[in-house]
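The structure file start31.txt is reproduced below (compact mmCIF, C-alpha atoms).
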# COMPACT_ATOMS: atom_id res chain seq x y z
CA MET Z 296 30.90 29.68 -58.26
CA THR Z 297 31.60 29.08 -54.56
CA THR Z 298 29.77 31.22 -52.00
CA LEU Z 299 30.53 30.97 -48.29
CA LEU Z 300 27.92 31.66 -45.63
CA PHE Z 301 29.23 32.74 -42.23
CA THR Z 302 26.93 32.43 -39.21
CA HIS Z 303 27.22 31.89 -35.47
CA LYS Z 304 24.75 31.14 -32.69
CA ALA Z 305 26.21 34.08 -30.74
CA SER Z 306 24.04 36.37 -32.89
CA LEU Z 307 21.07 35.00 -30.94
CA GLY Z 308 22.69 36.07 -27.67
CA HIS Z 309 22.59 39.77 -28.49
CA GLN Z 310 19.37 40.68 -26.72
CA THR Z 311 17.51 43.96 -27.15
CA PRO Z 312 14.45 45.23 -25.27
CA ASP Z 313 10.90 44.34 -26.32
CA GLY Z 314 9.84 46.37 -29.35
CA HIS Z 315 13.39 47.09 -30.51
CA PRO Z 316 13.60 46.65 -34.31
CA GLU Z 317 17.11 45.12 -34.22
CA ARG Z 318 16.01 41.88 -32.62
CA VAL Z 319 16.92 38.21 -32.49
CA ASP Z 320 14.08 37.29 -34.85
CA ARG Z 321 15.97 38.99 -37.69
CA ILE Z 322 18.64 36.29 -37.64
CA ARG Z 323 16.06 33.54 -37.22
CA ALA Z 324 14.28 34.77 -40.38
CA VAL Z 325 17.55 34.86 -42.33
CA GLU Z 326 18.60 31.42 -41.12
CA ARG Z 327 15.24 29.92 -42.02
CA ILE Z 328 15.26 31.25 -45.58
CA LEU Z 329 18.88 30.14 -46.14
CA ALA Z 330 18.04 26.64 -44.91
CA GLY Z 331 15.77 26.17 -47.94
CA PRO Z 332 16.43 23.95 -50.95
CA LEU Z 333 17.71 26.78 -53.15
CA PHE Z 334 20.73 27.11 -50.86
CA GLY Z 335 21.99 23.56 -50.74
CA ASP Z 336 25.23 24.56 -52.49
CA LEU Z 337 26.15 27.21 -49.92
CA VAL Z 338 29.37 26.37 -48.11
CA ARG Z 339 28.66 27.09 -44.46
CA ARG Z 340 31.21 28.29 -41.92
CA GLU Z 341 31.04 29.14 -38.24
CA SER Z 342 32.42 32.59 -37.57
CA PRO Z 343 35.58 32.95 -35.51
CA LEU Z 344 36.03 35.71 -32.97
CA GLY Z 345 37.33 38.96 -34.41
CA SER Z 346 40.68 40.13 -33.09
CA ASP Z 347 41.49 43.33 -31.24
CA GLU Z 348 44.21 43.95 -33.82
CA ASP Z 349 41.68 44.00 -36.65
CA ILE Z 350 39.24 46.20 -34.72
CA LEU Z 351 42.01 48.70 -33.95
CA HIS Z 352 42.76 49.13 -37.65
CA ALA Z 353 39.37 50.87 -37.93
CA HIS Z 354 38.50 52.04 -34.41
CA ALA Z 355 40.32 54.03 -31.74
CA ALA Z 356 41.59 52.08 -28.74
CA GLU Z 357 39.31 54.04 -26.41
CA HIS Z 358 36.30 52.89 -28.40
CA LEU Z 359 37.19 49.23 -28.04
CA GLU Z 360 37.96 49.73 -24.35
CA ARG Z 361 34.63 51.49 -23.75
CA VAL Z 362 32.59 48.77 -25.46
CA ARG Z 363 34.37 46.10 -23.41
CA ALA Z 364 33.96 48.06 -20.19
CA LEU Z 365 30.22 48.61 -20.74
CA ALA Z 366 29.45 44.99 -21.62
CA PRO Z 367 27.10 43.91 -18.82
CA SER Z 368 27.17 40.64 -16.93
CA GLU Z 369 23.40 40.89 -16.50
CA GLY Z 370 20.58 43.09 -17.69
CA LEU Z 371 20.93 45.71 -20.42
CA GLU Z 372 23.40 48.56 -20.86
CA TYR Z 373 22.49 51.48 -23.13
CA LEU Z 374 25.34 53.07 -25.09
CA ASP Z 375 22.86 55.57 -26.51
CA PRO Z 376 19.03 55.59 -26.68
CA ASP Z 377 19.07 53.17 -29.66
CA THR Z 378 22.17 51.08 -29.00
CA VAL Z 379 22.04 48.47 -26.27
CA MET Z 380 24.24 45.67 -24.95
CA SER Z 381 23.20 42.50 -23.14
CA PRO Z 382 25.53 39.87 -21.65
CA GLY Z 383 25.80 38.19 -25.06
CA SER Z 384 26.31 41.31 -27.14
CA LEU Z 385 30.09 41.56 -27.00
CA GLU Z 386 30.60 38.04 -28.31
CA ALA Z 387 27.96 38.60 -30.99
CA ALA Z 388 29.75 41.75 -32.18
CA LEU Z 389 33.14 40.04 -32.11
CA ARG Z 390 31.75 37.13 -34.13
CA ALA Z 391 30.36 39.59 -36.68
CA VAL Z 392 33.82 41.12 -37.00
CA GLY Z 393 35.41 37.67 -37.23
CA ALA Z 394 33.02 36.63 -39.98
CA ALA Z 395 33.90 39.67 -42.08
CA THR Z 396 37.65 39.19 -41.75
CA ALA Z 397 37.45 35.42 -42.31
CA ALA Z 398 35.39 36.08 -45.43
CA VAL Z 399 38.12 38.40 -46.70
CA ASP Z 400 40.70 35.68 -46.07
CA ALA Z 401 38.56 33.18 -47.99
CA VAL Z 402 38.16 35.27 -51.13
CA PHE Z 403 41.82 36.26 -51.22
CA SER Z 404 43.00 32.67 -50.71
CA GLY Z 405 40.73 31.43 -53.51
CA GLU Z 406 38.66 29.24 -51.17
CA ALA Z 407 35.56 31.12 -52.34
CA ASP Z 408 34.50 33.57 -55.01
CA ASN Z 409 32.37 35.54 -52.56
CA ALA Z 410 30.83 35.35 -49.10
CA PHE Z 411 27.82 36.51 -47.12
CA CYS Z 412 28.08 37.18 -43.39
CA ALA Z 413 24.70 36.68 -41.71
CA LEU Z 414 25.37 38.00 -38.23
CA ARG Z 415 24.26 40.83 -35.98
CA PRO Z 416 24.48 43.50 -34.66
CA PRO Z 417 24.94 45.59 -37.81
CA GLY Z 418 27.97 47.84 -38.10
CA HIS Z 419 27.88 50.72 -40.57
CA HIS Z 420 26.88 53.42 -38.06
CA ALA Z 421 29.81 52.69 -35.72
CA GLU Z 422 32.31 55.53 -36.08
CA THR Z 423 36.00 55.58 -35.25
CA ARG Z 424 35.27 56.49 -31.63
CA ARG Z 425 31.56 55.91 -31.16
CA ALA Z 426 28.99 53.11 -31.13
CA MET Z 427 25.59 54.24 -32.38
CA GLY Z 428 22.56 53.30 -34.44
CA PHE Z 429 22.38 49.68 -33.16
CA CYS Z 430 26.08 49.22 -34.12
CA LEU Z 431 29.07 48.41 -31.88
CA PHE Z 432 31.90 47.73 -34.35
CA ASN Z 433 32.01 48.56 -38.05
CA GLN Z 434 32.64 45.17 -39.62
CA ALA Z 435 32.66 46.44 -43.22
CA ALA Z 436 35.35 49.01 -42.45
CA ILE Z 437 37.29 46.50 -40.35
CA ALA Z 438 37.17 44.00 -43.22
CA ALA Z 439 38.47 46.63 -45.63
CA GLN Z 440 41.44 47.39 -43.40
CA HIS Z 441 42.06 43.67 -42.86
CA ALA Z 442 42.32 43.21 -46.62
CA ARG Z 443 44.99 45.87 -46.74
CA HIS Z 444 47.03 44.74 -43.74
CA ARG Z 445 46.75 40.97 -44.22
CA HIS Z 446 46.52 40.61 -47.99
CA GLY Z 447 48.23 43.69 -49.38
CA ALA Z 448 45.13 45.08 -51.07
CA GLU Z 449 45.87 48.58 -52.29
CA ARG Z 450 42.31 49.81 -52.86
CA VAL Z 451 39.16 48.55 -51.15
CA ALA Z 452 35.60 49.69 -51.82
CA VAL Z 453 32.51 49.50 -49.62
CA ILE Z 454 29.14 49.84 -51.35
CA ASP Z 455 26.20 50.49 -49.03
CA PHE Z 456 22.53 50.31 -50.07
CA ASP Z 457 20.99 50.37 -46.59
CA VAL Z 458 18.12 52.87 -46.24
CA HIS Z 459 20.24 54.71 -43.64
CA HIS Z 460 23.53 56.37 -44.49
CA GLY Z 461 26.61 54.59 -43.16
CA ASN Z 462 28.05 57.54 -41.30
CA GLY Z 463 30.50 55.28 -39.49
CA THR Z 464 32.09 53.89 -42.64
CA GLN Z 465 32.26 57.38 -44.09
CA ASP Z 466 33.93 58.64 -40.90
CA ILE Z 467 36.53 55.87 -40.88
CA PHE Z 468 37.30 56.23 -44.61
CA TRP Z 469 37.09 60.04 -44.79
CA SER Z 470 40.78 60.92 -45.20
CA ASP Z 471 42.08 57.82 -46.98
CA ALA Z 472 42.06 58.00 -50.78
CA ASP Z 473 42.65 54.25 -51.07
CA LEU Z 474 39.34 53.45 -49.36
CA PHE Z 475 36.14 54.04 -51.35
CA TYR Z 476 32.68 54.51 -49.87
CA GLY Z 477 29.62 54.65 -52.10
CA SER Z 478 26.14 54.90 -50.61
CA THR Z 479 22.52 55.17 -51.67
CA HIS Z 480 20.20 56.00 -48.78
CA GLN Z 481 17.08 57.96 -47.91
CA MET Z 482 17.46 61.65 -47.01
CA PRO Z 483 16.42 63.17 -44.74
CA LEU Z 484 16.60 60.26 -42.33
CA TYR Z 485 18.75 59.05 -39.46
CA PRO Z 486 21.65 59.72 -38.93
CA GLY Z 487 21.45 62.96 -40.94
CA THR Z 488 24.67 62.49 -42.92
CA GLY Z 489 25.16 61.47 -46.53
CA ALA Z 490 24.78 64.67 -48.56
CA VAL Z 491 26.24 64.79 -52.05
CA GLN Z 492 28.69 67.44 -50.85
CA GLU Z 493 30.29 65.03 -48.36
CA THR Z 494 33.18 63.76 -50.48
CA GLY Z 495 36.12 63.15 -48.13
CA VAL Z 496 39.31 63.34 -50.19
CA GLY Z 497 37.41 62.51 -53.36
CA ASN Z 498 36.77 58.94 -52.18
CA ILE Z 499 33.20 59.33 -50.82
CA PHE Z 500 30.26 59.09 -53.22
CA ASN Z 501 26.81 59.71 -51.75
CA ALA Z 502 23.71 59.37 -53.91
CA PRO Z 503 20.80 60.22 -51.59
CA LEU Z 504 17.24 59.22 -52.46
CA ARG Z 505 13.93 60.77 -51.40
CA ALA Z 506 11.12 59.17 -49.46
CA GLY Z 507 8.95 57.23 -51.89
CA ASP Z 508 11.75 56.52 -54.36
CA GLY Z 509 11.86 52.97 -55.69
CA GLY Z 510 13.83 50.76 -58.00
CA ALA Z 511 13.98 53.18 -60.92
CA GLU Z 512 15.54 55.94 -58.84
CA PHE Z 513 17.85 53.48 -57.11
CA ARG Z 514 19.13 52.09 -60.39
CA GLU Z 515 19.65 55.58 -61.78
CA ALA Z 516 21.69 56.55 -58.70
CA MET Z 517 23.82 53.45 -58.98
CA ASN Z 518 24.31 53.78 -62.75
CA SER Z 519 25.05 57.50 -62.76
CA VAL Z 520 27.07 57.94 -59.54
CA ILE Z 521 28.25 54.85 -57.69
CA LEU Z 522 29.16 52.34 -60.41
CA PRO Z 523 31.08 54.80 -62.65
CA ALA Z 524 33.08 55.99 -59.64
CA LEU Z 525 33.78 52.39 -58.67
CA ASP Z 526 35.11 51.68 -62.16
CA VAL Z 527 37.48 54.63 -61.91
CA PHE Z 528 38.64 53.50 -58.46
CA ARG Z 529 39.42 49.94 -59.64
CA PRO Z 530 39.13 48.10 -56.31
CA ASP Z 531 41.09 45.05 -55.25
CA LEU Z 532 38.07 43.96 -53.18
CA VAL Z 533 34.39 44.93 -53.07
CA ILE Z 534 32.65 44.85 -49.70
CA VAL Z 535 28.87 45.22 -49.57
CA SER Z 536 27.12 46.78 -46.60
CA ALA Z 537 23.97 44.81 -47.35
CA GLY Z 538 21.12 46.59 -45.61
CA PHE Z 539 17.64 45.54 -46.71
CA ASP Z 540 15.59 48.22 -44.95
CA ALA Z 541 15.06 50.06 -48.23
CA HIS Z 542 12.51 47.32 -48.95
CA HIS Z 543 8.99 48.67 -49.36
CA ARG Z 544 7.73 46.69 -46.35
CA ASP Z 545 10.31 48.02 -43.91
CA PRO Z 546 9.03 50.12 -40.98
CA LEU Z 547 12.17 52.25 -40.52
CA GLY Z 548 12.33 53.82 -43.98
CA SER Z 549 10.17 55.09 -46.81
CA LEU Z 550 11.93 53.78 -49.91
CA ARG Z 551 10.10 51.36 -52.17
CA PHE Z 552 12.64 48.76 -53.24
CA THR Z 553 11.59 45.23 -54.13
CA GLU Z 554 13.73 42.14 -53.67
CA GLU Z 555 14.43 42.21 -57.44
CA ASP Z 556 16.21 45.55 -56.92
CA PHE Z 557 18.57 43.86 -54.46
CA ALA Z 558 19.22 41.07 -56.97
CA TRP Z 559 19.96 43.66 -59.65
CA VAL Z 560 22.48 45.61 -57.57
CA THR Z 561 24.18 42.41 -56.41
CA LEU Z 562 24.69 41.30 -60.01
CA LYS Z 563 25.97 44.76 -61.03
CA LEU Z 564 28.51 44.70 -58.20
CA MET Z 565 29.53 41.20 -59.23
CA GLU Z 566 30.14 42.46 -62.76
CA ALA Z 567 32.35 45.26 -61.45
CA ALA Z 568 34.22 42.89 -59.15
CA GLU Z 569 34.81 40.48 -62.02
CA ILE Z 570 36.36 43.27 -64.08
CA HIS Z 571 38.55 44.74 -61.34
CA CYS Z 572 39.32 42.13 -58.69
CA SER Z 573 38.75 38.57 -59.93
CA GLY Z 574 35.18 38.63 -58.60
CA ARG Z 575 36.14 39.09 -54.94
CA ILE Z 576 33.08 40.23 -52.95
CA VAL Z 577 32.35 40.09 -49.23
CA SER Z 578 28.81 41.00 -48.16
CA VAL Z 579 27.91 41.79 -44.54
CA LEU Z 580 24.37 42.08 -43.20
CA GLU Z 581 23.35 45.54 -42.06
CA GLY Z 582 19.69 46.61 -41.62
CA GLY Z 583 16.33 45.15 -42.57
CA TYR Z 584 13.57 45.10 -39.97
CA ASP Z 585 10.46 43.67 -41.59
CA LEU Z 586 11.02 39.94 -41.24
CA GLN Z 587 9.34 38.91 -44.48
CA GLY Z 588 11.01 41.64 -46.53
CA LEU Z 589 14.37 40.88 -44.91
CA ALA Z 590 14.16 37.15 -45.56
CA ALA Z 591 13.08 37.54 -49.17
CA SER Z 592 15.76 40.16 -49.85
CA VAL Z 593 18.55 38.14 -48.24
CA GLY Z 594 17.38 35.09 -50.17
CA ILE Z 595 17.58 36.78 -53.55
CA HIS Z 596 20.87 38.55 -52.68
CA VAL Z 597 22.53 35.26 -51.74
CA GLN Z 598 21.10 33.50 -54.80
CA ALA Z 599 22.69 36.20 -56.96
CA LEU Z 600 26.04 35.71 -55.21
CA MET Z 601 25.79 31.96 -55.74
CA ARG Z 602 24.74 32.00 -59.38
CA GLY Z 603 25.77 35.32 -60.89
CA ASN Z 604 22.95 35.09 -63.40
CA ALA Z 605 19.66 36.96 -63.26
CA GLY Z 606 17.90 34.16 -65.10
CA GLU Z 607 18.67 31.72 -62.27
CA VAL Z 608 17.56 33.94 -59.40
CA GLU Z 609 14.11 33.11 -58.04
CA THR Z 610 11.91 35.57 -56.19
CA MET Z 611 11.04 34.48 -52.67
CA MET Z 612 8.34 36.98 -51.74
CA ASP Z 613 5.66 34.29 -51.95
CA GLU Z 614 6.78 33.01 -48.55
CA SER Z 615 4.07 33.67 -45.97
CA GLU Z 616 4.76 35.62 -42.80
CA ASP Z 617 3.86 32.49 -40.84
CA ASP Z 618 6.68 30.64 -42.59
CA ILE Z 619 9.13 33.40 -41.65
Could you rewrite the structure in this file as structure tokens?
Amino acid sequence: MTTLLFTHKASLGHQTPDGHPERVDRIRAVERILAGPLFGDLVRRESPLGSDEDILHAHAAEHLERVRALAPSEGLEYLDPDTVMSPGSLEAALRAVGAATAAVDAVFSGEADNAFCALRPPGHHAETRRAMGFCLFNQAAIAAQHARHRHGAERVAVIDFDVHHGNGTQDIFWSDADLFYGSTHQMPLYPGTGAVQETGVGNIFNAPLRAGDGGAEFREAMNSVILPALDVFRPDLVIVSAGFDAHHRDPLGSLRFTEEDFAWVTLKLMEAAEIHCSGRIVSVLEGGYDLQGLAASVGIHVQALMRGNAGEVETMMDESEDDI
């Protein structure tokens, strides 16, 4: 099984103010864990720049124009109280988009079975016309539209297990029955969307969890809501909004997932992808703000993508915080 890893040094150029949870050290922690001996078989690629054409398949032109116009040449520019741009932010966001679309190209061409895009900023809060929640462009939604326009995919699914609901992906997909959005997330919590009753045109499947819920509740939500709906949808591509802030260590949520829960859901999505779309999966990094929890969760997620077998996936939570 061939797994591609997309990265780019531009992710380090997206600077946020001191104390901001979406910080450069997140990528450093991910890069360090993926440099370990368990990941020697990863095929590594440098992300290209995403194109305006691809962005405009998911975002309004005025959104792209506003983000470009606000990109500062020095200092910081706040798009909202949580979402900030530095001089390196625009390139970082464009590289994140480019990674997601290049990963789609790779799985459709047969170059890889699946791919993980380890870039920042995250994307799933970015709506059709608005940047928010640390996010500038919605790379998961852009990748889904790229699969349709470039590769003729008829149905594309995004599965999101970030602790926060992906309001942006839901907004972009809302009226299109050939785009599927399935999400588990904590409620109530930012951004306040994600109720069961939010169903779009029958293509949105929200399975909210309560503060304190852990792996048992997560697996029940996936098994009873998201995975059956995904089987009915029969996607031509599965995209994962891979947020790891549902981990029990994370400071921005109150769910109690362990890294083994992320391995489990990765393998379940791989099973569904194998049935419906020749195993094609593209995973893009979303949240995850405790560095040790993030690194361990990314490590086990990528191992699952590489091996597709629970018996070959090793826990990585014994790494010390000093090592991360």
Sorted by chain and rising residue number, list the residues of region 297-408 of chain Z at most 10 Å from region 457-474 of chain Z (counting all atoms listed in the file), each with its closest atom pair and distance in Å to one decimal, as a tab-separated table.
residue	atom	partner	partner_atom	distance
Z:His352	CA	Z:Ile467	CA	9.7
Z:Ala353	CA	Z:Ile467	CA	6.5
Z:His354	CA	Z:Ile467	CA	7.8
Exercise for review: Tell me which of Z:Asn501, Z:Ser368, Z:Ser592, Z:Thr378 sits closest to His315 (chain Z), counting only C-alpha atoms.
Suggested key: Z:Thr378
Point to revise | Selected residue of minimal separation from Arg529 (chain Z) among Z:Leu564, Z:Ile595, Z:Val451, Z:Gly582, counting only C-alpha atoms | key: Z:Val451
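The coordinates place CA of Lys563 (chain Z) at 16.3 Å from CA of Phe411 (chain Z).
A straight line drawn from CA of Gly574 (chain Z) to CA of Leu525 (chain Z) is 13.8 Å long.
Those residues that approach His543 (chain Z) to within 8 Å, counting all atoms listed in the file, are Z:Ser549, Z:Leu550, Z:Arg551, Z:Phe552, Z:Thr553, Z:Gly588; same-chain residues fewer than 6 positions away are not listed.
Counting from CA of Leu351 (chain Z), the distance to CA of Leu389 (chain Z) is 12.5 Å.
Shortest atom-to-atom contact with Ser404 (chain Z) among Z:Arg445, Z:Glu317, Z:Met565, Z:Val533: Z:Arg445, counting only C-alpha atoms.
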So which residues touch region 431-439 of chain Z within 7 Å, counting all atoms listed in the file, skipping near sequence neighbours fewer than 5 positions away, as an mmCIF file with C-alpha atoms, in the coordinates of the input?
data_model
loop_
_atom_site.group_PDB
_atom_site.id
_atom_site.type_symbol
_atom_site.label_atom_id
_atom_site.label_comp_id
_atom_site.auth_asym_id
_atom_site.auth_seq_id
_atom_site.Cartn_x
_atom_site.Cartn_y
_atom_site.Cartn_z
ATOM 1 C CA ASP Z 349 41.680 44.000 -36.650
ATOM 2 C CA ILE Z 350 39.240 46.200 -34.720
ATOM 3 C CA HIS Z 352 42.760 49.130 -37.650
ATOM 4 C CA ALA Z 353 39.370 50.870 -37.930
ATOM 5 C CA ALA Z 388 29.750 41.750 -32.180
ATOM 6 C CA ALA Z 391 30.360 39.590 -36.680
ATOM 7 C CA VAL Z 392 33.820 41.120 -37.000
ATOM 8 C CA ALA Z 395 33.900 39.670 -42.080
ATOM 9 C CA THR Z 396 37.650 39.190 -41.750
ATOM 10 C CA VAL Z 399 38.120 38.400 -46.700
ATOM 11 C CA GLY Z 418 27.970 47.840 -38.100
ATOM 12 C CA HIS Z 419 27.880 50.720 -40.570
ATOM 13 C CA ALA Z 421 29.810 52.690 -35.720
ATOM 14 C CA ALA Z 426 28.990 53.110 -31.130
ATOM 15 C CA VAL Z 451 39.160 48.550 -51.150
ATOM 16 C CA THR Z 464 32.090 53.890 -42.640
ATOM 17 C CA ILE Z 534 32.650 44.850 -49.700
ATOM 18 C CA SER Z 536 27.120 46.780 -46.600
ATOM 19 C CA VAL Z 579 27.910 41.790 -44.540
#
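Using only C-alpha atoms, the nearest neighbour of His444 (chain Z) within the list Z:Leu300, Z:Asp400, Z:Met427, Z:Ala413 is Z:Asp400.
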Point to revise | Nearest to Val527 (chain Z), chosen from Z:Pro483, Z:Pro316, Z:Pro382, Z:Gly497, with all atoms listed in the file counted in the distances | key: Z:Gly497
